[in-house]
file structure08.txt (compact mmCIF, C-alpha atoms)
# COMPACT_ATOMS: atom_id res chain seq x y z
CA MET A 209 -19.68 16.15 -7.92
CA THR A 210 -22.62 18.24 -6.73
CA VAL A 211 -22.12 21.48 -4.86
CA SER A 212 -22.83 19.70 -1.57
CA ASP A 213 -20.12 17.06 -2.02
CA THR A 214 -16.55 16.79 -0.83
CA HIS A 215 -14.73 14.46 -3.21
CA PHE A 216 -11.51 12.57 -2.35
CA ILE A 217 -8.88 11.56 -4.91
CA THR A 218 -6.44 9.02 -3.48
CA LEU A 219 -3.01 8.41 -4.98
CA GLY A 220 -0.37 5.92 -3.90
CA CYS A 221 -0.43 3.28 -1.20
CA ARG A 222 -3.07 1.33 0.70
CA LEU A 223 -2.37 3.43 3.77
CA ASN A 224 -3.52 6.46 1.80
CA THR A 225 -6.72 4.56 0.94
CA TYR A 226 -7.39 4.03 4.62
CA GLU A 227 -6.54 7.62 5.53
CA SER A 228 -8.80 9.00 2.80
CA GLU A 229 -11.65 7.03 4.36
CA VAL A 230 -10.90 8.61 7.74
CA MET A 231 -10.69 12.10 6.24
CA SER A 232 -13.90 11.58 4.30
CA ARG A 233 -15.77 10.74 7.48
CA HIS A 234 -14.31 13.72 9.31
CA ALA A 235 -15.31 16.01 6.43
CA GLU A 236 -18.83 14.57 6.26
CA ALA A 237 -19.31 14.94 10.01
CA ALA A 238 -18.13 18.54 9.84
CA GLY A 239 -20.45 19.39 6.96
CA LEU A 240 -17.63 20.33 4.60
CA THR A 241 -18.85 21.06 1.07
CA LYS A 242 -17.60 22.10 -2.36
CA CYS A 243 -14.09 20.69 -1.96
CA VAL A 244 -11.86 18.25 -3.79
CA VAL A 245 -9.24 16.68 -1.51
CA ILE A 246 -6.20 15.14 -3.21
CA ASN A 247 -4.31 12.69 -0.99
CA SER A 248 -0.91 12.68 -2.67
CA CYS A 249 2.01 10.29 -3.07
CA ALA A 250 5.73 11.07 -3.21
CA VAL A 251 7.34 7.66 -3.64
CA THR A 252 8.78 8.63 -7.04
CA SER A 253 9.18 11.79 -9.09
CA ALA A 254 6.46 10.42 -11.37
CA ALA A 255 4.11 10.17 -8.38
CA VAL A 256 4.68 13.83 -7.56
CA ALA A 257 4.05 14.75 -11.20
CA GLY A 258 0.87 12.68 -11.03
CA THR A 259 -0.28 14.72 -8.06
CA ARG A 260 0.15 17.95 -10.02
CA HIS A 261 -1.76 16.45 -12.93
CA ALA A 262 -4.57 15.40 -10.59
CA ILE A 263 -4.76 18.91 -9.14
CA ARG A 264 -5.09 20.54 -12.57
CA LYS A 265 -7.65 18.00 -13.73
CA ALA A 266 -9.72 18.42 -10.56
CA ALA A 267 -9.73 22.18 -11.06
CA ARG A 268 -10.95 21.75 -14.65
CA ASP A 269 -13.59 19.19 -13.74
CA HIS A 270 -14.85 21.06 -10.65
CA PRO A 271 -14.25 24.79 -11.24
CA ASP A 272 -16.47 25.82 -8.34
CA ALA A 273 -14.75 23.61 -5.77
CA ASP A 274 -11.83 24.41 -3.47
CA ILE A 275 -8.81 22.16 -4.05
CA ILE A 276 -7.15 20.84 -0.87
CA VAL A 277 -3.86 18.93 -1.19
CA THR A 278 -2.51 16.62 1.50
CA GLY A 279 -0.43 13.43 1.73
CA CYS A 280 3.29 12.77 1.38
CA ALA A 281 4.00 15.05 -1.58
CA ALA A 282 2.31 17.92 0.23
CA GLN A 283 4.18 17.16 3.47
CA ILE A 284 7.60 17.07 1.81
CA ASP A 285 7.24 20.11 -0.44
CA PRO A 286 4.23 22.13 0.70
CA ASP A 287 5.32 25.48 -0.73
CA SER A 288 5.47 24.19 -4.30
CA PHE A 289 1.87 23.03 -4.10
CA ALA A 290 0.76 26.21 -2.35
CA ALA A 291 2.23 28.12 -5.29
CA MET A 292 -0.17 26.40 -7.70
CA PRO A 293 -3.08 28.78 -8.44
CA GLU A 294 -5.56 25.89 -8.39
CA VAL A 295 -4.78 25.01 -4.74
CA SER A 296 -6.72 26.54 -1.85
CA ARG A 297 -5.08 24.75 1.09
CA VAL A 298 -2.11 22.42 1.74
CA ILE A 299 -2.54 20.11 4.75
CA GLY A 300 0.20 18.00 6.37
CA ASN A 301 0.14 14.26 6.97
CA HIS A 302 -0.38 14.64 10.72
CA GLU A 303 -2.94 17.40 10.43
CA LYS A 304 -5.04 15.52 7.86
CA MET A 305 -5.98 12.84 10.39
CA LEU A 306 -7.37 15.30 12.97
CA ALA A 307 -11.15 15.75 12.95
CA GLU A 308 -10.86 19.46 13.73
CA THR A 309 -8.84 20.06 10.56
CA TRP A 310 -11.89 19.38 8.41
CA THR A 311 -14.34 21.79 10.04
CA PRO A 312 -15.09 24.75 7.74
CA ALA A 313 -14.14 27.13 10.54
CA THR A 314 -10.66 25.60 10.88
CA LEU A 315 -10.04 25.39 7.14
CA TRP A 316 -11.13 28.88 6.23
CA ASP A 317 -10.65 30.95 9.42
CA SER A 318 -7.55 32.66 8.06
CA SER A 319 -5.68 33.30 4.86
CA GLU A 320 -3.03 30.78 5.93
CA LYS A 321 -2.68 28.49 2.90
CA VAL A 322 -0.16 25.97 4.30
CA ARG A 323 -0.81 23.97 7.46
CA VAL A 324 2.08 21.54 7.62
CA ASN A 325 3.99 20.92 10.84
CA ASP A 326 7.30 19.12 11.43
CA ILE A 327 6.41 15.45 10.89
CA MET A 328 9.61 14.37 12.65
CA SER A 329 8.22 15.71 15.91
CA VAL A 330 5.17 13.40 15.81
CA ARG A 331 5.50 10.56 18.30
CA ASP A 332 2.18 8.71 18.22
CA THR A 333 -0.40 7.36 15.81
CA ALA A 334 -4.04 7.18 16.81
CA ALA A 335 -6.42 4.41 15.90
CA HIS A 336 -9.35 5.68 13.85
CA LEU A 337 -12.36 3.46 14.35
CA ILE A 338 -14.30 3.01 11.12
CA GLU A 339 -17.44 0.91 11.13
CA GLY A 340 -17.11 0.05 7.46
CA MET A 341 -15.48 1.12 4.21
CA GLY A 342 -18.04 2.01 1.59
CA GLY A 343 -19.76 -1.37 1.61
CA ARG A 344 -16.65 -3.19 0.43
CA ALA A 345 -15.92 -6.67 1.73
CA ARG A 346 -12.27 -5.72 2.29
CA ALA A 347 -11.24 -3.12 4.87
CA PHE A 348 -7.88 -1.63 5.79
CA VAL A 349 -6.62 -1.03 9.33
CA GLN A 350 -3.68 1.27 9.95
CA VAL A 351 -1.51 -0.31 12.64
CA GLN A 352 1.68 1.68 12.12
CA ASN A 353 2.95 4.87 10.51
CA GLY A 354 6.35 6.34 9.69
CA CYS A 355 9.74 4.71 9.17
CA ASP A 356 13.04 4.74 11.06
CA HIS A 357 15.08 3.21 8.23
CA ARG A 358 16.97 5.31 5.74
CA CYS A 359 17.12 3.50 2.41
CA THR A 360 19.27 5.68 0.20
CA PHE A 361 16.61 6.07 -2.52
CA CYS A 362 13.61 6.77 -0.31
CA ILE A 363 12.06 10.13 0.60
CA ILE A 364 9.04 8.69 2.42
CA PRO A 365 10.43 8.94 6.01
CA TYR A 366 10.44 12.71 5.50
CA GLY A 367 6.78 12.58 4.54
CA ARG A 368 5.66 10.17 7.25
CA GLY A 369 8.01 10.83 10.16
CA PRO A 370 9.38 8.34 12.69
CA SER A 371 7.94 4.85 13.13
CA ARG A 372 5.06 4.77 15.60
CA SER A 373 2.60 2.04 16.42
CA VAL A 374 -1.07 1.86 17.33
CA PRO A 375 -1.50 -0.13 20.57
CA ALA A 376 -2.69 -3.70 20.07
CA GLY A 377 -5.88 -3.28 22.07
CA GLU A 378 -7.07 -0.44 19.88
CA ILE A 379 -6.31 -2.44 16.74
CA VAL A 380 -8.23 -5.46 18.01
CA ASP A 381 -11.21 -3.22 18.82
CA GLN A 382 -11.19 -1.82 15.30
CA VAL A 383 -10.99 -5.26 13.71
CA LYS A 384 -13.93 -6.39 15.85
CA THR A 385 -15.90 -3.36 14.71
CA LEU A 386 -15.17 -4.02 11.05
CA VAL A 387 -16.05 -7.70 11.30
CA GLY A 388 -19.23 -6.81 13.15
CA SER A 389 -20.24 -4.50 10.30
CA GLY A 390 -19.89 -7.31 7.76
CA HIS A 391 -16.33 -7.15 6.43
CA TYR A 392 -14.97 -10.50 5.29
CA GLU A 393 -11.31 -9.48 5.00
CA VAL A 394 -9.21 -7.04 7.01
CA VAL A 395 -5.87 -5.79 5.71
CA LEU A 396 -3.22 -4.64 8.18
CA THR A 397 -1.32 -1.75 6.70
CA GLY A 398 1.44 0.70 7.57
CA VAL A 399 4.44 2.47 6.12
CA ASP A 400 6.87 -0.08 7.62
CA LEU A 401 4.44 -2.72 8.82
CA THR A 402 6.96 -5.16 10.30
CA SER A 403 8.35 -2.45 12.61
CA TRP A 404 5.04 -2.42 14.48
CA GLY A 405 5.54 -2.62 18.22
CA GLN A 406 9.14 -1.48 18.44
CA ASP A 407 8.06 1.77 20.11
CA LEU A 408 5.51 0.14 22.44
CA PRO A 409 6.18 -1.15 25.99
CA GLY A 410 7.92 -4.51 25.78
CA THR A 411 8.58 -4.05 22.03
CA PRO A 412 6.14 -6.76 20.90
CA PRO A 413 6.74 -8.08 17.36
CA LEU A 414 4.16 -7.97 14.59
CA GLY A 415 3.59 -11.71 14.97
CA ASN A 416 2.31 -11.07 18.49
CA LEU A 417 -0.30 -8.65 17.15
CA VAL A 418 -1.37 -11.01 14.35
CA GLN A 419 -1.84 -13.94 16.71
CA ARG A 420 -3.74 -11.73 19.14
CA ILE A 421 -6.15 -10.58 16.43
CA LEU A 422 -6.79 -14.15 15.29
CA LYS A 423 -7.45 -15.29 18.85
CA LEU A 424 -9.64 -12.38 19.97
CA VAL A 425 -11.63 -11.95 16.75
CA PRO A 426 -12.68 -15.53 15.96
CA ASP A 427 -15.32 -14.36 13.45
CA LEU A 428 -12.71 -12.72 11.21
CA ARG A 429 -12.70 -14.80 8.03
CA GLN A 430 -9.50 -13.53 6.40
CA LEU A 431 -6.57 -11.41 7.57
CA ARG A 432 -4.21 -9.99 4.98
CA LEU A 433 -0.84 -8.27 5.43
CA SER A 434 0.18 -5.39 3.20
CA SER A 435 3.76 -4.88 2.00
CA ILE A 436 6.35 -6.10 4.51
CA ASP A 437 10.11 -6.07 4.94
CA ALA A 438 11.46 -9.58 4.41
CA ILE A 439 14.22 -9.26 7.00
CA GLU A 440 11.79 -8.37 9.81
CA ILE A 441 9.48 -11.42 9.74
CA ASP A 442 9.66 -12.58 13.35
CA PRO A 443 9.20 -16.25 14.41
CA ASP A 444 5.64 -15.71 15.68
CA LEU A 445 4.67 -14.05 12.41
CA GLU A 446 6.24 -16.82 10.34
CA ASP A 447 4.42 -19.42 12.39
CA ALA A 448 1.10 -17.63 11.91
CA ILE A 449 1.60 -17.17 8.18
CA THR A 450 2.44 -20.81 7.60
CA SER A 451 -0.02 -22.47 9.99
CA GLU A 452 -3.10 -20.26 10.20
CA PRO A 453 -5.52 -20.69 7.25
CA ARG A 454 -7.28 -17.43 8.07
CA ILE A 455 -4.18 -15.49 7.03
CA ALA A 456 -4.37 -14.88 3.28
CA PRO A 457 -1.68 -16.94 1.50
CA TYR A 458 0.01 -13.96 -0.09
CA LEU A 459 2.92 -11.75 0.94
CA HIS A 460 4.17 -8.67 -0.86
CA LEU A 461 7.84 -8.18 -0.05
CA SER A 462 9.86 -5.00 -0.29
CA LEU A 463 12.87 -6.59 -2.01
CA GLN A 464 13.89 -3.72 -4.35
CA HIS A 465 16.80 -5.58 -6.01
CA GLY A 466 18.42 -8.95 -6.57
CA ASP A 467 22.10 -7.98 -6.42
CA ASN A 468 23.95 -7.85 -3.11
CA LEU A 469 26.17 -4.87 -3.94
CA ILE A 470 23.19 -2.78 -5.08
CA LEU A 471 21.24 -3.85 -1.98
CA LYS A 472 24.11 -2.53 0.17
CA ARG A 473 24.16 0.74 -1.77
CA MET A 474 20.41 0.99 -1.29
CA LYS A 475 21.03 0.43 2.44
CA ARG A 476 18.63 -2.49 2.45
CA ARG A 477 19.07 -4.86 5.37
CA HIS A 478 18.65 -8.20 3.59
CA SER A 479 20.80 -10.07 1.10
CA ARG A 480 19.81 -11.92 -2.05
CA GLU A 481 20.42 -15.22 -0.27
CA GLU A 482 18.23 -14.24 2.67
CA ALA A 483 15.35 -13.37 0.35
CA ILE A 484 15.64 -16.69 -1.47
CA GLY A 485 15.89 -18.58 1.81
CA LEU A 486 12.83 -16.90 3.31
CA ILE A 487 10.63 -17.56 0.30
CA SER A 488 11.81 -21.17 -0.01
CA ARG A 489 11.17 -21.80 3.68
CA LEU A 490 7.68 -20.31 3.65
CA LYS A 491 6.70 -22.19 0.48
CA ALA A 492 7.90 -25.47 2.00
CA LYS A 493 5.68 -24.89 5.02
CA ARG A 494 2.69 -23.51 3.10
CA PRO A 495 2.68 -24.61 -0.55
CA ASP A 496 -0.34 -22.47 -1.53
CA ILE A 497 1.37 -19.19 -0.63
CA ALA A 498 2.19 -16.69 -3.39
CA PHE A 499 4.62 -13.78 -3.33
CA GLY A 500 4.87 -10.39 -4.90
CA ALA A 501 7.71 -7.90 -4.69
CA ASP A 502 8.77 -4.34 -5.45
CA PHE A 503 11.86 -3.85 -7.62
CA ILE A 504 13.73 -0.79 -8.82
CA ALA A 505 15.37 -0.82 -12.25
CA GLY A 506 18.33 1.43 -13.02
CA PHE A 507 19.48 2.26 -9.51
CA PRO A 508 22.74 4.27 -9.60
CA THR A 509 25.83 2.14 -10.43
CA GLU A 510 23.64 -0.79 -11.57
CA THR A 511 25.58 -2.85 -14.11
CA ASP A 512 24.14 -5.26 -16.68
CA ALA A 513 25.16 -8.15 -14.43
CA ALA A 514 23.52 -6.60 -11.38
CA PHE A 515 20.28 -6.08 -13.30
CA GLU A 516 20.35 -9.69 -14.49
CA ASN A 517 20.54 -10.72 -10.84
CA THR A 518 17.19 -9.01 -10.28
CA LEU A 519 15.62 -10.75 -13.28
CA SER A 520 16.92 -14.14 -12.17
CA LEU A 521 15.65 -13.64 -8.63
CA ILE A 522 12.08 -13.44 -9.94
CA ASP A 523 12.37 -16.88 -11.50
CA ILE A 524 14.37 -18.47 -8.67
CA CYS A 525 11.80 -17.36 -6.08
CA GLY A 526 8.79 -18.10 -8.28
CA LEU A 527 7.35 -14.63 -7.69
CA ALA A 528 3.84 -14.04 -8.98
CA TYR A 529 3.45 -10.26 -8.91
CA ILE A 530 6.06 -7.63 -9.69
CA HIS A 531 5.79 -3.92 -9.08
CA ALA A 532 8.54 -2.50 -11.30
CA PHE A 533 9.75 1.06 -10.76
CA PRO A 534 12.26 2.87 -12.96
CA TYR A 535 14.67 4.64 -10.64
CA SER A 536 14.06 8.35 -10.31
CA ALA A 537 16.31 10.51 -8.17
CA ARG A 538 14.66 12.24 -5.23
CA GLU A 539 16.42 15.42 -4.14
CA GLY A 540 17.74 15.10 -0.61
CA THR A 541 18.40 11.35 -0.74
CA PRO A 542 21.92 9.84 -0.78
CA ALA A 543 21.21 7.88 -3.97
CA ALA A 544 20.64 11.14 -5.84
CA ARG A 545 24.36 11.88 -5.39
CA MET A 546 25.53 8.48 -6.70
CA PRO A 547 26.74 7.94 -10.31
CA PRO A 548 23.54 7.61 -12.33
CA VAL A 549 22.53 5.08 -14.95
CA ALA A 550 21.67 6.67 -18.30
CA GLY A 551 17.98 7.50 -18.70
CA PRO A 552 17.34 5.38 -21.82
CA LEU A 553 18.99 2.39 -20.12
CA ILE A 554 16.79 2.85 -17.03
CA LYS A 555 13.75 2.89 -19.28
CA SER A 556 14.75 -0.24 -21.19
CA ARG A 557 15.60 -2.15 -18.00
CA ALA A 558 12.27 -1.18 -16.43
CA ALA A 559 10.52 -2.47 -19.54
CA ARG A 560 12.39 -5.79 -19.31
CA LEU A 561 11.54 -6.02 -15.63
CA ARG A 562 7.85 -5.48 -16.39
CA GLU A 563 7.98 -8.11 -19.16
CA THR A 564 9.56 -10.61 -16.77
CA GLY A 565 6.90 -9.79 -14.22
CA GLN A 566 4.11 -10.29 -16.77
CA ALA A 567 5.51 -13.70 -17.68
CA ALA A 568 5.71 -14.62 -14.00
CA LEU A 569 2.08 -13.61 -13.46
CA ALA A 570 0.95 -15.66 -16.46
CA ARG A 571 2.72 -18.73 -15.07
CA HIS A 572 1.10 -18.18 -11.71
CA LEU A 573 -2.40 -17.76 -13.15
CA SER A 574 -2.00 -20.91 -15.23
CA GLN A 575 -1.83 -22.94 -12.03
CA HIS A 576 -5.42 -21.96 -11.20
CA VAL A 577 -7.07 -22.79 -14.54
CA GLY A 578 -9.57 -25.64 -14.17
CA ARG A 579 -9.89 -25.22 -10.41
CA GLU A 580 -12.78 -24.19 -8.18
CA ALA A 581 -12.06 -21.57 -5.54
CA ILE A 582 -13.48 -19.03 -3.12
CA ALA A 583 -13.02 -15.48 -4.40
CA LEU A 584 -13.71 -12.18 -2.70
CA LEU A 585 -16.05 -10.21 -4.94
CA GLU A 586 -15.19 -6.56 -5.43
CA SER A 587 -17.07 -4.58 -8.10
CA GLY A 588 -17.83 -4.81 -11.79
CA GLY A 589 -17.54 -8.58 -11.71
CA ARG A 590 -13.97 -8.41 -10.43
CA ALA A 591 -12.75 -10.57 -7.56
CA ARG A 592 -9.58 -11.79 -5.85
CA LEU A 593 -8.55 -15.24 -4.77
CA PRO A 594 -6.95 -15.60 -1.31
CA ASP A 595 -3.50 -15.57 -2.96
CA PHE A 596 -4.46 -12.23 -4.57
CA SER A 597 -4.96 -13.65 -8.06
CA PRO A 598 -7.36 -11.36 -9.97
CA VAL A 599 -10.53 -12.87 -11.41
CA GLN A 600 -13.00 -11.44 -13.92
CA LEU A 601 -16.39 -13.14 -13.62
CA THR A 602 -17.92 -13.54 -17.05
CA ASP A 603 -21.53 -14.42 -16.18
CA ASN A 604 -24.27 -12.07 -15.05
CA ILE A 605 -23.78 -10.72 -11.57
CA LYS A 606 -26.83 -11.62 -9.51
CA HIS A 607 -25.14 -11.98 -6.16
CA CYS A 608 -24.32 -9.53 -3.41
CA ALA A 609 -22.43 -6.36 -4.27
CA SER A 610 -19.38 -7.61 -2.39
CA GLY A 611 -18.36 -10.68 -0.44
CA PRO A 612 -17.06 -14.24 -0.87
CA VAL A 613 -18.34 -16.33 -3.78
CA ARG A 614 -17.44 -19.76 -5.13
CA VAL A 615 -16.14 -19.69 -8.69
CA LYS A 616 -14.93 -21.99 -11.45
CA LEU A 617 -11.76 -20.77 -13.14
CA HIS A 618 -11.73 -21.46 -16.89
CA ALA A 619 -8.86 -19.50 -18.46
CA HIS A 620 -6.62 -16.44 -18.19
CA ASP A 621 -5.31 -13.77 -20.54
CA GLY A 622 -1.94 -13.36 -18.85
CA LYS A 623 -3.25 -10.65 -16.55
CA VAL A 624 -6.48 -11.91 -15.02
CA LEU A 625 -8.33 -15.20 -14.59
CA GLN A 626 -11.75 -15.70 -16.18
CA GLY A 627 -14.31 -17.47 -14.05
CA THR A 628 -18.01 -18.12 -13.52
CA TYR A 629 -20.16 -18.45 -10.43
CA LEU A 630 -20.91 -21.87 -9.02
call {"tool": "encode", "arguments": {"input": "structure08.txt", "output": "structure tokens"}}
result
Amino acid sequence: MTVSDTHFITLGCRLNTYESEVMSRHAEAAGLTKCVVINSCAVTSAAVAGTRHAIRKAARDHPDADIIVTGCAAQIDPDSFAAMPEVSRVIGNHEKMLAETWTPATLWDSSEKVRVNDIMSVRDTAAHLIEGMGGRARAFVQVQNGCDHRCTFCIIPYGRGPSRSVPAGEIVDQVKTLVGSGHYEVVLTGVDLTSWGQDLPGTPPLGNLVQRILKLVPDLRQLRLSSIDAIEIDPDLEDAITSEPRIAPYLHLSLQHGDNLILKRMKRRHSREEAIGLISRLKAKRPDIAFGADFIAGFPTETDAAFENTLSLIDICGLAYIHAFPYSAREGTPAARMPPVAGPLIKSRAARLRETGQAALARHLSQHVGREAIALLESGGRARLPDFSPVQLTDNIKHCASGPVRVKLHAHDGKVLQGTYL
């Protein structure tokens, strides 16, 4: 980083990626210099520890820069970050999206180190029009923020506030802008994506928004959905996913567990049978669709049998991608007061869950070997198929820096496909 730069370090979810892009543009427009902004995550205790590590590393790497911390970890526990000697300012999740926050006059006009308001009082989410995202073929659009559910393990509602939706017209305008600036794929993202519209007049479902985007932006080549709640897929959304080829054939589901008793203790709103039924139904209607899921290993009171139910769910549903999280108690959540599973057992179960996920991915990648496909080129010869399968291109890269390319898939190493240009 030069002395004239403001550098952003993004941790956590895709929504943070989008928000860092917005903040970066605000900072650039305001002429902000000599800062490192860390957009933090608080989904697990490890994520919070990772934020502290990133702060210390940024201070070592850029000793002349001011360190600004924002994001969910900063929103939930601002005073602990303000107490770190490396940190110059702590900015809340609402404040970080305001252009005026990033003017030098606003940042440095007082000795006030913490600028974090009550996120539960926020009642709207603005659309932030971005004409592009760093030249990448894929762009993210925030359509929703916050969460009204109270899963017993989750601290994120206290970092993001209540669920609030961006009006459909503003979203369509942003998608049009992104497509007009050359983006091939647009990803709809939010904290609780499938709750979009519940706070808008008429409470339109997410499927209504998706179908509206597809109709009003005919030049959009591919629309992708970020992580969604399986129980909230409305009929219009299911119809779009299974019948519209411009929707990427991949869904990442927030399943969290495969045992009904643990799901109830998590305060999840779906059952094991409902998850299996949804995936079976969607695969029957669209055979090329792939699924990923989040799972927690070692949730309080989890027995060996309950854990085995999670492992078996991966195989029964034919899941391709697994995000495995060892349970870590978050202070202030109901699960933190439940009888815990021993730490070594949590660790071993998380390892087994990751191994099962790796085997599932290898099986999924094997289905593509020998095929030709369209892949979305990213950087460094990496690409993604529509069903999110990762591809490493092994020949010299002589094509555009990003965009769709036709590839031949030759093999895989269990983690990524190897392919060449056609």
call {"tool": "closest_atom_pairs", "arguments": {"input": "structure08.txt", "of": "region 271-387 of chain A", "to": "region 414-429 of chain A", "cutoff": "12 Å", "atoms": "only C-alpha atoms", "output": "tab-separated table"}}
result
residue	atom	partner	partner_atom	distance
A:Ala345	CA	A:Arg429	CA	10.8
A:Arg346	CA	A:Arg429	CA	10.8
A:Ala347	CA	A:Leu428	CA	11.6
A:Val349	CA	A:Ile421	CA	11.9
A:Val351	CA	A:Leu417	CA	9.6
A:Gln352	CA	A:Leu414	CA	10.3
A:Ser373	CA	A:Leu414	CA	10.3
A:Val374	CA	A:Leu417	CA	10.5
A:Pro375	CA	A:Leu417	CA	9.3
A:Ala376	CA	A:Leu417	CA	6.2
A:Gly377	CA	A:Leu417	CA	9.2
A:Glu378	CA	A:Ile421	CA	10.8
A:Ile379	CA	A:Ile421	CA	8.1
A:Val380	CA	A:Ile421	CA	5.7
A:Asp381	CA	A:Val425	CA	9.0
A:Gln382	CA	A:Ile421	CA	10.2
A:Val383	CA	A:Val425	CA	7.4
A:Lys384	CA	A:Val425	CA	6.1
A:Thr385	CA	A:Val425	CA	9.8
A:Leu386	CA	A:Leu428	CA	9.0
A:Val387	CA	A:Leu428	CA	6.0
call {"tool": "closest_residue", "arguments": {"input": "structure08.txt", "among": "A:Asp407, A:Glu308, A:Asp400, A:Asp285", "to": "Val256 (chain A)", "atoms": "all atoms listed in the file"}}
result
A:Asp285
call {"tool": "atom_distance", "arguments": {"input": "structure08.txt", "atom1": "CA of Ala266 (chain A)", "atom2": "CA of Val230 (chain A)"}}
result
20.8 Å
call {"tool": "residues_around", "arguments": {"input": "structure08.txt", "residues": "region 591-596 of chain A", "least_positions_apart": "6", "cutoff": "12 Å", "atoms": "all atoms listed in the file", "output": "PyMOL selection string"}}
result
chain A and resi 344-346+392-393+429-434+453-460+494-500+527-529+569+572-573+575-576+579-585+602+605+609-617+624-629
call {"tool": "closest_residue", "arguments": {"input": "structure08.txt", "among": "A:Thr397, A:Ser597, A:Thr259, A:Ser587", "to": "Gln350 (chain A)", "atoms": "all atoms listed in the file"}}
result
A:Thr397
call {"tool": "residues_around", "arguments": {"input": "structure08.txt", "residues": "Lys555 (chain A)", "least_positions_apart": "5", "cutoff": "10 Å", "atoms": "only C-alpha atoms", "output": "CSV table (one decimal) with C-alpha atoms, in the frame of the given file"}}
result
chain,number,residue,atom,x,y,z
A,505,ALA,CA,15.4,-0.8,-12.2
A,506,GLY,CA,18.3,1.4,-13.0
A,533,PHE,CA,9.8,1.1,-10.8
A,534,PRO,CA,12.3,2.9,-13.0
A,535,TYR,CA,14.7,4.6,-10.6
A,550,ALA,CA,21.7,6.7,-18.3
A,560,ARG,CA,12.4,-5.8,-19.3
A,561,LEU,CA,11.5,-6.0,-15.6
call {"tool": "atom_distance", "arguments": {"input": "structure08.txt", "atom1": "CA of Cys355 (chain A)", "atom2": "CA of Leu401 (chain A)"}}
result
9.1 Å
call {"tool": "residues_near_point", "arguments": {"input": "structure08.txt", "point": "(17.6, -7.6, -12.6)", "cutoff": "8 Å", "atoms": "all atoms listed in the file", "output": "list in words"}}
result
His465, Gly466, Asp467, Ala505, Ala513, Ala514, Phe515, Glu516, Asn517, Thr518, Leu519, Ser520, Leu521, Arg557 and Leu561 of chain A
call {"tool": "build_atoms", "arguments": {"input": "structure08.txt", "residues": "region 516-529 of chain A", "atoms": "N, CA and C atoms", "output": "PDB file, in the coordinates of the input"}}
result
ATOM      1  N   GLU A 516      20.700  -8.284 -14.220  1.00  0.00           N
ATOM      2  CA  GLU A 516      20.350  -9.690 -14.490  1.00  0.00           C
ATOM      3  C   GLU A 516      20.107 -10.458 -13.198  1.00  0.00           C
ATOM      4  N   ASN A 517      20.779 -10.075 -12.130  1.00  0.00           N
ATOM      5  CA  ASN A 517      20.540 -10.720 -10.840  1.00  0.00           C
ATOM      6  C   ASN A 517      19.122 -10.458 -10.335  1.00  0.00           C
ATOM      7  N   THR A 518      18.585  -9.283 -10.640  1.00  0.00           N
ATOM      8  CA  THR A 518      17.190  -9.010 -10.280  1.00  0.00           C
ATOM      9  C   THR A 518      16.253  -9.876 -11.108  1.00  0.00           C
ATOM     10  N   LEU A 519      16.484  -9.942 -12.416  1.00  0.00           N
ATOM     11  CA  LEU A 519      15.620 -10.750 -13.280  1.00  0.00           C
ATOM     12  C   LEU A 519      15.640 -12.215 -12.852  1.00  0.00           C
ATOM     13  N   SER A 520      16.829 -12.733 -12.536  1.00  0.00           N
ATOM     14  CA  SER A 520      16.920 -14.140 -12.170  1.00  0.00           C
ATOM     15  C   SER A 520      16.262 -14.425 -10.832  1.00  0.00           C
ATOM     16  N   LEU A 521      16.275 -13.444  -9.932  1.00  0.00           N
ATOM     17  CA  LEU A 521      15.650 -13.640  -8.630  1.00  0.00           C
ATOM     18  C   LEU A 521      14.157 -13.899  -8.760  1.00  0.00           C
ATOM     19  N   ILE A 522      13.516 -13.249  -9.728  1.00  0.00           N
ATOM     20  CA  ILE A 522      12.080 -13.440  -9.940  1.00  0.00           C
ATOM     21  C   ILE A 522      11.775 -14.890 -10.260  1.00  0.00           C
ATOM     22  N   ASP A 523      12.593 -15.484 -11.126  1.00  0.00           N
ATOM     23  CA  ASP A 523      12.370 -16.880 -11.500  1.00  0.00           C
ATOM     24  C   ASP A 523      12.765 -17.839 -10.379  1.00  0.00           C
ATOM     25  N   ILE A 524      13.896 -17.585  -9.736  1.00  0.00           N
ATOM     26  CA  ILE A 524      14.370 -18.470  -8.670  1.00  0.00           C
ATOM     27  C   ILE A 524      13.345 -18.553  -7.533  1.00  0.00           C
ATOM     28  N   CYS A 525      12.753 -17.415  -7.198  1.00  0.00           N
ATOM     29  CA  CYS A 525      11.800 -17.360  -6.080  1.00  0.00           C
ATOM     30  C   CYS A 525      10.377 -17.692  -6.509  1.00  0.00           C
ATOM     31  N   GLY A 526      10.137 -17.817  -7.820  1.00  0.00           N
ATOM     32  CA  GLY A 526       8.790 -18.100  -8.280  1.00  0.00           C
ATOM     33  C   GLY A 526       7.806 -17.007  -7.917  1.00  0.00           C
ATOM     34  N   LEU A 527       8.231 -15.748  -8.039  1.00  0.00           N
ATOM     35  CA  LEU A 527       7.350 -14.630  -7.690  1.00  0.00           C
ATOM     36  C   LEU A 527       6.191 -14.547  -8.669  1.00  0.00           C
ATOM     37  N   ALA A 528       5.043 -14.110  -8.151  1.00  0.00           N
ATOM     38  CA  ALA A 528       3.840 -14.040  -8.980  1.00  0.00           C
ATOM     39  C   ALA A 528       3.522 -12.620  -9.432  1.00  0.00           C
ATOM     40  N   TYR A 529       3.832 -11.640  -8.614  1.00  0.00           N
ATOM     41  CA  TYR A 529       3.450 -10.260  -8.910  1.00  0.00           C
ATOM     42  C   TYR A 529       4.670  -9.361  -8.741  1.00  0.00           C
TER      43      TYR A 529
END
